[in-house]
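To start, the structure itself, in structure tokens.
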Amino acid sequence: MASLNEKHQRLIYLIAYSRANTAIFNTRQRFADAVTEAWRNAGVRLQHWVVSMEGHAITDSEQEMNEYHYHMAVKLTKKARWLQIRNYLDHKYGIKVNFSDLHNTYYSAYRYVTKEDPQPCHSHDHPDLSTRPRTENAIAARKRKSRQTTTKGKKKNRRERGLTVYEVSQVIEKKNITKRAELVCLAVEQKREGNTRLAEFIANRGAKAVDEALSVGKEFREAEAKAIRAKKTRIEILQEATGSPCVHQCEGQWLEAALELMRLNQIDVSAFCTAIYNALQNGRGKYQNIFVYGPANSGQNIICL
């Protein structure tokens with residue numbers, strides 16, 4: 001990397017290890033451990049990192065197996081030089097890695113590293129920078145677009161389109177977000193690393209679009225559970241509830257309170273339970289409804305739990 005001055009200090013680096021020795025570095029995590037060890041030896045702590053592995057097809061008839069390349073994006077807690085890290089890896093592991101500082105933001109380096117690897121390895125507590133679902137079709141589409149050129153042979157420079165409500169709802173479903181404040185916090189976290197797409201969606205599309213994305217995400221998240229519950233009878237739901245633990249700090253006290261209330265009001269427990277069972281089994285109908293009467297705060301809800 002002749003363009004990378006060894007005396008310059010940078011906060012974000014892109015590291016490439018071509019034709020990786022898979023006997024030593026057989027996983028993404030193993031390569032990441034070696035690189036973080038090198039930075040730690042230099043007295044520099046990594047804020048976060050991501051590693052991807054790319055396989056290259058066999059092009060030589062004498063070659064018996066595929067070659068693999070590792071790409072790693074790192075963000076340091078302070079600016080530091082790269083040459084000592086390269087020398088450390090060469091001295092201890094006998095590998096030569098290349099450094100690049102062409103990316104001004106960590107999000108840009110992150111996108112470059114993860115563009116073709118659907119299962120990259122992340123550092124602990126790595127910020128979620130994915131704002132679009134990654135599928136095989138999406139990855140293939142990005143590859144096709146990257147090969148499109150103008151008549152002069154230069155890549156088309158187009159501004160990346162904004163996020164749709166569906167794409168934001170997928171992020172909401174994946175992160176189990178339920179409130180607007182949680183989505184805004186995620187947008188701020190991504191914006192800090194250079195990814196402003198979610199923040200632009202919240203700012204430009206307005207509250208209506210955000211509320212719609214939250215509603216769609218919740219609907220997608222709960223759809224399967226609601227469909228399964230709808231197929232069960234009331235009795236099956238009641239039987240499942242009997243085997244479930246009580247709410248926190250209850251320890252069965254509600255049952256003692258319900259029995260005490262029925263005793264004080266001279267309600268036969270067996271007759272009451274039979275009436276509840278018939279109402280749940282048969283549904284609403286003549287002579288099947290239950291009316292619990294009493295003044296406010298007298299325990300009607302407790303005996304029906």
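Just remember, in the structure tokens the first chain shown is A, the second B, etc., residues are 1-based per chain, and ligands are 1-based in the order shown.
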List as CSV every residue of range 225-279 of chain A that is in contact with range 299-304 of chain A, defined as an atom at most 10 Å from one of its atoms (using only C-alpha atoms), together with the nearest atom pair and the distance in Å rounded to one decimal, sorted by chain and then rising number.
residue,atom,partner,partner_atom,distance
A:Trp254,CA,A:Ile302,CA,6.8
A:Leu255,CA,A:Ile303,CA,7.9
A:Glu256,CA,A:Ile303,CA,9.8
A:Ala257,CA,A:Ile302,CA,7.5
A:Ala258,CA,A:Ile303,CA,4.6
A:Leu259,CA,A:Ile303,CA,7.5
A:Glu260,CA,A:Ile303,CA,9.4
A:Leu261,CA,A:Gly299,CA,7.2
A:Met262,CA,A:Ile303,CA,7.6
A:Phe272,CA,A:Ile303,CA,9.5
A:Cys273,CA,A:Cys304,CA,9.5
A:Ile276,CA,A:Cys304,CA,8.3
Next on the checklist: With only C-alpha atoms as the counted atoms, please give the residues lying no more than 12 Å from Gln281 in chain A, apart from itself and same-chain residues fewer than 6 positions off, as JSON, numbers by chain.
Outcome noted: {"A": [232, 233, 234, 235, 236, 237, 238, 239, 274, 275, 288, 289]}
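The shortest atom-to-atom distance to Tyr13 in chain A, with only C-alpha atoms taken into account, belongs to A:Ser100 out of A:Ser100, A:Thr77, A:Ser52, A:Ser215.
The list of residues with at least one atom within 8 Å of Met53 in chain A, based on only C-alpha atoms and without residues fewer than 5 positions apart in the same chain, reads Arg28, Tyr68, His69, Tyr70, His71, Asp117 and Pro120 of chain A.
The smallest atom-to-atom distance between Ala38 in chain A and any of A:Ala20, A:Val165, A:Met72, A:Leu89, using only C-alpha atoms, is found for A:Leu89.
DSSP, applied to the backbone of this structure, assigns strand (DSSP E) to the following residues of range 71-233 of chain A: His71, Met72, Ala73, Val74, Lys75, Leu76, Thr77, Lys78, Lys79, Ala80, Asn98, Phe99, Ser100, Cys121 and His122 of chain A.
Atom pair CA of Lys218 in chain A / CA of Ser169 in chain A: separated by 8.1 Å.
You will find CA of Asn278 in chain A at 29.0 Å from CA of Ala223 in chain A.
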